[in-house]
Every structure is written in structure tokens, then in C-alpha cells.
Amino acid sequence: MKMVLFDLDGTLLSMDQEYFTKRYFGLMTQKMAKYGYEPERLISMIWKGCEAMAENDGTCLNEECFWKVFDTVFPGRYDSDYPLFEEFYENEFQMAKDTCTIVQGAKEVIQLCKELGLRVSLATNPVFPATATKSRIHWAGFSEEDFELVTTYENSHSCKPNLNFYQEICEKLNVRPEECLMVGNDVDEDMIAKQLGMEVFLLTNDLINRHHKDIDVYPHGNMMDLKEFLINIQK
């Protein structure tokens, strides 16, 4: 094993996804309403942009996919209003921190990986810009420098659960899937990495299991269980 890939939301950063999304959209629509953006139409556009990124065939970056959708819904506003969205992520978005908490034991796990000689990268679903991802990394008690790679919509050509997302990470890091461990809390989006040949570990503190799958087919547990798993796998 050479590389450990960590999900962020619900893995290294504890959050109620529904509560976070509601807060995030509320903050954005409150800011953008001042500039003529009707809240429901803006939220609908964001979901459409996320769908476009999820269906990205790899021919463009996720960022390009998202803003193409924006341009169809709000034609002619990209050039003038893109800076407003950047401002949002730098400022108002920070108030969503109150929906998240630090995961006990997460820092110790990252440290253990490095002590065991394992490389560490962040494989968060790249639907957010780097500014928002950097913020969430800080909310989790880490810095970008703790990770060899951080996936964002500016540097990724696909999203989870597309296997191309994991393949692209491997190519960037010059590792084979068989040399990687994917750690995450989402059965569908994170555990699918096993199909590519990766080892997987399912964190169950903020478990997302939309289709009620049998999680016993995966190594799983809390951060303490993950520590034991890492030590055993490197023996």
C-alpha cells in the first residue's frame, strides 16, 4: 500500500449533509438576491450544474461543465457576476462552518498514515471550487499542505461515483489503484473505488447508505477501527 485517499465531508469533517446544504444555499441566495437572482431559480441552476458535473464525460473540467449550465440559465451574466460568487465563497460561505464539527481521531489517523510511510491525498467529490474546499479542510482542522493532492472542480474531469474520478487521481499521483486505500463514509460514492482495484474502508460515524446495502462486505468502523486497519494492512 502506497497511498491513502480520504473523502472530506462526513469523513474528515463531520456534518449533516442536509443541514449543511440548506445553510449553504440559504447563505448564497441571501447574498445573490441583492443582485437580482431569484432564490429558487438559482438553487435549481446549482443542482443542474451538479448534474452536469456528475455526467461529465471527461472532455472538460467540472468547473467548465458547471458554468456552461450557469450561462444557459443566466445568459450574459458570467463575466460580470463570477466575481460575486468568488466573494461569496471567501466570505458568506464561512458561516456554514457552524453546521460542521471536527472528527475526533482524524488528525491522529493522518499522522499515523505518514508514520507508516503512506502518502495521503484528499479525494473529496470535486463539485466545489478550491476556495470552498480549502475552507472545509480548515474547518476539519487541517491545511492543504497535509495532502499531496486535493480534488476540486478546477482540477477534475469527473465526479463520484464515476470510476474515472479515481482513475484520474491515480494518474496524477503516479500510483496504481491496487496501491491505494479509499476511506469514506458514502457506500455508493466511496466504496465503488473497490471496483477499480482499490482497498476500501467505510467510516460509519456519518454513514450515507442510500440503498441500504450490506456494509459488512467492506471493512468498516470508526476512526479507532481505521487506525487498527491501517496498522494491520502495513504489517
# chains A, B, ... in the order shown; residues from 1 in each chain; ligands from 1
$ residues_around --residues "region 105-110 of chain A" --least-positions-apart "5" --cutoff "7 Å" --atoms "only C-alpha atoms" --output "ChimeraX atom specification"
/A:12,223,227
$ write_last_selection --atoms "N, CA and C atoms" --output "short mmCIF file (atom, residue, chain, number, x, y, z; two decimals), in the first residue's frame"
data_model
loop_
_atom_site.label_atom_id
_atom_site.label_comp_id
_atom_site.auth_asym_id
_atom_site.auth_seq_id
_atom_site.Cartn_x
_atom_site.Cartn_y
_atom_site.Cartn_z
N LEU A 12 -13.50 13.23 7.16
CA LEU A 12 -12.57 14.02 7.98
C LEU A 12 -13.26 15.22 8.61
N MET A 223 -12.92 5.88 13.60
CA MET A 223 -11.52 6.25 13.40
C MET A 223 -10.56 5.30 14.12
N LYS A 227 -7.59 3.07 12.40
CA LYS A 227 -6.18 3.02 12.84
C LYS A 227 -5.68 1.58 12.90
#
$ residues_around --residues "Tyr82 (chain A)" --least-positions-apart "3" --cutoff "12 Å" --atoms "only C-alpha atoms" --output "number ranges by chain"
A: 32, 35, 67, 70-71, 74, 76-79, 85-89
$ write_last_selection --atoms "N, CA and C atoms" --output "PDB file, in the first residue's frame"
ATOM      1  N   MET A  32     -26.999  36.656  -3.191  1.00  0.00           N
ATOM      2  CA  MET A  32     -27.193  36.889  -4.611  1.00  0.00           C
ATOM      3  C   MET A  32     -28.539  37.528  -4.939  1.00  0.00           C
ATOM      4  N   TYR A  35     -28.473  41.001  -6.093  1.00  0.00           N
ATOM      5  CA  TYR A  35     -28.031  41.269  -7.461  1.00  0.00           C
ATOM      6  C   TYR A  35     -29.025  40.738  -8.489  1.00  0.00           C
ATOM      7  N   TRP A  67     -20.252  26.046 -15.203  1.00  0.00           N
ATOM      8  CA  TRP A  67     -20.517  27.408 -15.664  1.00  0.00           C
ATOM      9  C   TRP A  67     -21.182  27.444 -17.039  1.00  0.00           C
ATOM     10  N   PHE A  70     -24.684  27.470 -15.965  1.00  0.00           N
ATOM     11  CA  PHE A  70     -24.991  28.821 -15.482  1.00  0.00           C
ATOM     12  C   PHE A  70     -25.303  29.740 -16.658  1.00  0.00           C
ATOM     13  N   ASP A  71     -24.503  29.648 -17.709  1.00  0.00           N
ATOM     14  CA  ASP A  71     -24.649  30.544 -18.861  1.00  0.00           C
ATOM     15  C   ASP A  71     -25.937  30.279 -19.623  1.00  0.00           C
ATOM     16  N   PHE A  74     -28.610  31.789 -16.940  1.00  0.00           N
ATOM     17  CA  PHE A  74     -28.440  33.238 -16.761  1.00  0.00           C
ATOM     18  C   PHE A  74     -27.497  33.769 -17.845  1.00  0.00           C
ATOM     19  N   GLY A  76     -25.241  35.720 -20.371  1.00  0.00           N
ATOM     20  CA  GLY A  76     -24.605  37.032 -20.382  1.00  0.00           C
ATOM     21  C   GLY A  76     -24.202  37.570 -19.026  1.00  0.00           C
ATOM     22  N   ARG A  77     -24.370  36.782 -17.954  1.00  0.00           N
ATOM     23  CA  ARG A  77     -24.073  37.303 -16.612  1.00  0.00           C
ATOM     24  C   ARG A  77     -22.770  36.760 -16.032  1.00  0.00           C
ATOM     25  N   TYR A  78     -22.168  35.789 -16.722  1.00  0.00           N
ATOM     26  CA  TYR A  78     -20.963  35.156 -16.174  1.00  0.00           C
ATOM     27  C   TYR A  78     -19.845  36.173 -15.947  1.00  0.00           C
ATOM     28  N   ASP A  79     -19.493  36.915 -16.967  1.00  0.00           N
ATOM     29  CA  ASP A  79     -18.348  37.828 -16.871  1.00  0.00           C
ATOM     30  C   ASP A  79     -18.514  38.854 -15.755  1.00  0.00           C
ATOM     31  N   PHE A  85     -19.645  35.425  -6.970  1.00  0.00           N
ATOM     32  CA  PHE A  85     -19.644  34.062  -6.436  1.00  0.00           C
ATOM     33  C   PHE A  85     -18.320  33.762  -5.726  1.00  0.00           C
ATOM     34  N   GLU A  86     -17.232  34.278  -6.277  1.00  0.00           N
ATOM     35  CA  GLU A  86     -15.933  34.133  -5.609  1.00  0.00           C
ATOM     36  C   GLU A  86     -15.963  34.811  -4.239  1.00  0.00           C
ATOM     37  N   GLU A  87     -16.539  36.011  -4.203  1.00  0.00           N
ATOM     38  CA  GLU A  87     -16.687  36.747  -2.933  1.00  0.00           C
ATOM     39  C   GLU A  87     -17.495  35.936  -1.931  1.00  0.00           C
ATOM     40  N   PHE A  88     -18.558  35.302  -2.425  1.00  0.00           N
ATOM     41  CA  PHE A  88     -19.413  34.503  -1.555  1.00  0.00           C
ATOM     42  C   PHE A  88     -18.608  33.410  -0.856  1.00  0.00           C
ATOM     43  N   TYR A  89     -17.813  32.656  -1.631  1.00  0.00           N
ATOM     44  CA  TYR A  89     -17.061  31.546  -1.038  1.00  0.00           C
ATOM     45  C   TYR A  89     -15.986  32.036  -0.074  1.00  0.00           C
TER      46      TYR A  89
END
$ residues_around --residues "region 166-179 of chain A" --least-positions-apart "4" --cutoff "7 Å" --atoms "only C-alpha atoms" --output "list of chain:residue names"
A:Met1, A:Lys2, A:Met3, A:Ala193, A:Leu196, A:Gly197, A:Met198
$ atom_distance --atom1 "CA of Cys60 (chain A)" --atom2 "CA of Pro129 (chain A)"
15.2 Å
$ residues_around --residues "Thr133 (chain A)" --least-positions-apart "4" --cutoff "10 Å" --atoms "only C-alpha atoms" --output "number ranges by chain"
A: 8-9, 89, 124-129, 137-139, 144, 150-153
$ residues_around --residues "Trp47 (chain A)" --least-positions-apart "5" --cutoff "12 Å" --atoms "only C-alpha atoms" --output "list in words"
Thr21, Phe25, Glu40, Arg41, Leu42, Ala52, Met53, Ala54, Phe66, Val69, Phe70, Val73 and Val127 of chain A
$ write_last_selection --atoms "C-alpha atoms" --output "PDB file, in the first residue's frame"
ATOM      1  CA  THR A  21     -26.763  22.108   2.109  1.00  0.00           C
ATOM      2  CA  PHE A  25     -27.942  27.544  -0.194  1.00  0.00           C
ATOM      3  CA  GLU A  40     -35.457  29.124  -6.361  1.00  0.00           C
ATOM      4  CA  ARG A  41     -34.093  29.671  -9.859  1.00  0.00           C
ATOM      5  CA  LEU A  42     -30.531  29.987  -8.537  1.00  0.00           C
ATOM      6  CA  ALA A  52     -23.799  18.245 -15.439  1.00  0.00           C
ATOM      7  CA  MET A  53     -20.610  17.642 -13.461  1.00  0.00           C
ATOM      8  CA  ALA A  54     -21.855  14.170 -12.468  1.00  0.00           C
ATOM      9  CA  PHE A  66     -20.889  23.956 -14.153  1.00  0.00           C
ATOM     10  CA  VAL A  69     -25.086  25.452 -17.236  1.00  0.00           C
ATOM     11  CA  PHE A  70     -24.991  28.821 -15.482  1.00  0.00           C
ATOM     12  CA  VAL A  73     -29.853  29.727 -17.224  1.00  0.00           C
ATOM     13  CA  VAL A 127     -18.199  19.828  -7.157  1.00  0.00           C
TER      14      VAL A 127
END
$ select_by_dssp --residues "region 125-234 of chain A" --states "strand (DSSP E)" --output "list in words"
Cys180, Leu181, Met182, Val183, Gly184, Glu199, Val200, Phe201, Leu202, Leu203, His220 and Gly221 of chain A
$ atom_distance --atom1 "CA of Val103 (chain A)" --atom2 "CA of Leu207 (chain A)"
13.4 Å
$ select_by_dssp --residues "region 34-232 of chain A" --states "alpha helix (DSSP H)" --output "PyMOL selection string"
chain A and resi 39-54+62-73+78-90+106-115+130-139+163-173+223-232
$ residues_around --residues "Glu199 (chain A)" --least-positions-apart "3" --cutoff "7 Å" --atoms "only C-alpha atoms" --output "JSON, numbers by chain"
{"A": [180, 181, 182, 194]}
$ closest_residue --among "A:Phe93, A:Ala123, A:Asn185, A:Lys160" --to "Glu148 (chain A)" --atoms "only C-alpha atoms"
A:Ala123
$ residues_around --residues "Gly58 (chain A)" --least-positions-apart "4" --cutoff "9 Å" --atoms "only C-alpha atoms" --output "compact mmCIF listing (two decimals) with C-alpha atoms, in the first residue's frame"
# COMPACT_ATOMS: atom_id res chain seq x y z
CA ASN A 62 -16.00 20.10 -13.90
CA SER A 156 -11.08 17.26 -12.03
CA HIS A 157 -12.82 15.93 -15.15
CA SER A 158 -15.44 13.75 -13.41
CA ASN A 164 -12.83 7.88 -13.97
$ decode --residues "region 187-220 of chain A" --atoms "N, CA, C and O atoms" --output "mmCIF file, in the first residue's frame"
data_model
loop_
_atom_site.group_PDB
_atom_site.id
_atom_site.type_symbol
_atom_site.label_atom_id
_atom_site.label_comp_id
_atom_site.auth_asym_id
_atom_site.auth_seq_id
_atom_site.Cartn_x
_atom_site.Cartn_y
_atom_site.Cartn_z
ATOM 1 N N VAL A 187 -21.414 4.817 0.917
ATOM 2 C CA VAL A 187 -21.346 3.471 0.345
ATOM 3 C C VAL A 187 -21.282 3.520 -1.182
ATOM 4 O O VAL A 187 -20.476 2.819 -1.805
ATOM 5 N N ASP A 188 -22.124 4.344 -1.791
ATOM 6 C CA ASP A 188 -22.170 4.406 -3.258
ATOM 7 C C ASP A 188 -20.972 5.141 -3.852
ATOM 8 O O ASP A 188 -20.378 4.682 -4.828
ATOM 9 N N GLU A 189 -20.623 6.263 -3.285
ATOM 10 C CA GLU A 189 -19.633 7.148 -3.907
ATOM 11 C C GLU A 189 -18.187 6.786 -3.571
ATOM 12 O O GLU A 189 -17.291 7.023 -4.390
ATOM 13 N N ASP A 190 -17.965 6.250 -2.382
ATOM 14 C CA ASP A 190 -16.594 5.956 -1.950
ATOM 15 C C ASP A 190 -16.211 4.489 -2.121
ATOM 16 O O ASP A 190 -15.110 4.172 -2.578
ATOM 17 N N MET A 191 -17.123 3.595 -1.759
ATOM 18 C CA MET A 191 -16.800 2.166 -1.815
ATOM 19 C C MET A 191 -16.709 1.638 -3.246
ATOM 20 O O MET A 191 -16.132 0.588 -3.501
ATOM 21 N N ILE A 192 -17.223 2.398 -4.200
ATOM 22 C CA ILE A 192 -17.136 1.982 -5.608
ATOM 23 C C ILE A 192 -15.692 1.895 -6.082
ATOM 24 O O ILE A 192 -15.385 1.203 -7.056
ATOM 25 N N ALA A 193 -14.793 2.569 -5.368
ATOM 26 C CA ALA A 193 -13.369 2.523 -5.725
ATOM 27 C C ALA A 193 -12.838 1.092 -5.708
ATOM 28 O O ALA A 193 -11.850 0.779 -6.382
ATOM 29 N N LYS A 194 -13.500 0.227 -4.966
ATOM 30 C CA LYS A 194 -13.106 -1.197 -4.911
ATOM 31 C C LYS A 194 -13.193 -1.838 -6.285
ATOM 32 O O LYS A 194 -12.399 -2.727 -6.618
ATOM 33 N N GLN A 195 -14.133 -1.376 -7.114
ATOM 34 C CA GLN A 195 -14.294 -1.933 -8.462
ATOM 35 C C GLN A 195 -13.083 -1.659 -9.344
ATOM 36 O O GLN A 195 -12.844 -2.354 -10.331
ATOM 37 N N LEU A 196 -12.326 -0.633 -8.974
ATOM 38 C CA LEU A 196 -11.129 -0.283 -9.737
ATOM 39 C C LEU A 196 -9.911 -1.056 -9.228
ATOM 40 O O LEU A 196 -8.845 -1.010 -9.838
ATOM 41 N N GLY A 197 -10.080 -1.735 -8.104
ATOM 42 C CA GLY A 197 -8.968 -2.499 -7.538
ATOM 43 C C GLY A 197 -8.402 -1.908 -6.262
ATOM 44 O O GLY A 197 -7.432 -2.428 -5.704
ATOM 45 N N MET A 198 -8.995 -0.810 -5.785
ATOM 46 C CA MET A 198 -8.514 -0.182 -4.552
ATOM 47 C C MET A 198 -9.001 -0.951 -3.326
ATOM 48 O O MET A 198 -10.073 -1.559 -3.350
ATOM 49 N N GLU A 199 -8.206 -0.905 -2.271
ATOM 50 C CA GLU A 199 -8.699 -1.304 -0.958
ATOM 51 C C GLU A 199 -9.655 -0.200 -0.498
ATOM 52 O O GLU A 199 -9.498 0.964 -0.899
ATOM 53 N N VAL A 200 -10.627 -0.534 0.339
ATOM 54 C CA VAL A 200 -11.560 0.481 0.839
ATOM 55 C C VAL A 200 -11.781 0.300 2.337
ATOM 56 O O VAL A 200 -11.602 -0.799 2.875
ATOM 57 N N PHE A 201 -12.160 1.404 2.978
ATOM 58 C CA PHE A 201 -12.588 1.364 4.386
ATOM 59 C C PHE A 201 -13.746 2.337 4.526
ATOM 60 O O PHE A 201 -13.638 3.517 4.158
ATOM 61 N N LEU A 202 -14.863 1.842 5.061
ATOM 62 C CA LEU A 202 -16.076 2.640 5.216
ATOM 63 C C LEU A 202 -16.182 3.177 6.639
ATOM 64 O O LEU A 202 -16.308 2.406 7.588
ATOM 65 N N LEU A 203 -16.119 4.503 6.768
ATOM 66 C CA LEU A 203 -16.311 5.134 8.083
ATOM 67 C C LEU A 203 -17.808 5.264 8.349
ATOM 68 O O LEU A 203 -18.558 5.740 7.492
ATOM 69 N N THR A 204 -18.228 4.870 9.522
ATOM 70 C CA THR A 204 -19.670 4.756 9.788
ATOM 71 C C THR A 204 -20.239 5.848 10.690
ATOM 72 O O THR A 204 -21.440 5.845 10.961
ATOM 73 N N ASN A 205 -19.404 6.784 11.139
ATOM 74 C CA ASN A 205 -19.920 7.840 12.026
ATOM 75 C C ASN A 205 -21.005 8.680 11.361
ATOM 76 O O ASN A 205 -22.032 8.985 11.954
ATOM 77 N N ASP A 206 -20.753 9.106 10.118
ATOM 78 C CA ASP A 206 -21.726 9.876 9.333
ATOM 79 C C ASP A 206 -22.092 9.082 8.086
ATOM 80 O O ASP A 206 -22.065 9.592 6.963
ATOM 81 N N LEU A 207 -22.444 7.832 8.287
ATOM 82 C CA LEU A 207 -22.691 6.899 7.184
ATOM 83 C C LEU A 207 -23.791 7.388 6.237
ATOM 84 O O LEU A 207 -24.847 7.830 6.668
ATOM 85 N N ILE A 208 -23.502 7.305 4.929
ATOM 86 C CA ILE A 208 -24.518 7.542 3.898
ATOM 87 C C ILE A 208 -24.679 6.231 3.135
ATOM 88 O O ILE A 208 -23.747 5.761 2.472
ATOM 89 N N ASN A 209 -25.863 5.641 3.252
ATOM 90 C CA ASN A 209 -26.152 4.358 2.610
ATOM 91 C C ASN A 209 -27.550 4.430 2.007
ATOM 92 O O ASN A 209 -28.514 3.889 2.537
ATOM 93 N N ARG A 210 -27.631 5.154 0.886
ATOM 94 C CA ARG A 210 -28.924 5.479 0.269
ATOM 95 C C ARG A 210 -29.767 4.241 -0.067
ATOM 96 O O ARG A 210 -30.983 4.278 -0.012
ATOM 97 N N HIS A 211 -29.106 3.170 -0.457
ATOM 98 C CA HIS A 211 -29.832 1.993 -0.943
ATOM 99 C C HIS A 211 -29.778 0.828 0.043
ATOM 100 O O HIS A 211 -30.049 -0.311 -0.327
ATOM 101 N N HIS A 212 -29.429 1.134 1.282
ATOM 102 C CA HIS A 212 -29.439 0.146 2.367
ATOM 103 C C HIS A 212 -28.662 -1.119 2.002
ATOM 104 O O HIS A 212 -29.132 -2.237 2.200
ATOM 105 N N LYS A 213 -27.472 -0.904 1.465
ATOM 106 C CA LYS A 213 -26.629 -2.032 1.080
ATOM 107 C C LYS A 213 -26.013 -2.689 2.320
ATOM 108 O O LYS A 213 -25.902 -2.059 3.376
ATOM 109 N N ASP A 214 -25.593 -3.927 2.169
ATOM 110 C CA ASP A 214 -24.936 -4.655 3.253
ATOM 111 C C ASP A 214 -23.515 -4.124 3.399
ATOM 112 O O ASP A 214 -22.667 -4.344 2.526
ATOM 113 N N ILE A 215 -23.243 -3.407 4.483
ATOM 114 C CA ILE A 215 -21.907 -2.815 4.649
ATOM 115 C C ILE A 215 -20.893 -3.816 5.191
ATOM 116 O O ILE A 215 -19.693 -3.508 5.252
ATOM 117 N N ASP A 216 -21.348 -4.996 5.570
ATOM 118 C CA ASP A 216 -20.416 -5.999 6.086
ATOM 119 C C ASP A 216 -19.464 -6.518 5.020
ATOM 120 O O ASP A 216 -18.475 -7.184 5.336
ATOM 121 N N VAL A 217 -19.754 -6.196 3.762
ATOM 122 C CA VAL A 217 -18.849 -6.621 2.690
ATOM 123 C C VAL A 217 -17.605 -5.727 2.626
ATOM 124 O O VAL A 217 -16.667 -6.036 1.887
ATOM 125 N N TYR A 218 -17.610 -4.640 3.387
ATOM 126 C CA TYR A 218 -16.466 -3.729 3.425
ATOM 127 C C TYR A 218 -15.870 -3.667 4.831
ATOM 128 O O TYR A 218 -16.628 -3.715 5.815
ATOM 129 N N PRO A 219 -14.551 -3.503 4.951
ATOM 130 C CA PRO A 219 -14.000 -3.160 6.258
ATOM 131 C C PRO A 219 -14.641 -1.845 6.701
ATOM 132 O O PRO A 219 -14.740 -0.907 5.901
ATOM 133 N N HIS A 220 -15.112 -1.752 7.931
ATOM 134 C CA HIS A 220 -15.823 -0.541 8.340
ATOM 135 C C HIS A 220 -15.700 -0.320 9.843
ATOM 136 O O HIS A 220 -15.314 -1.215 10.595
#
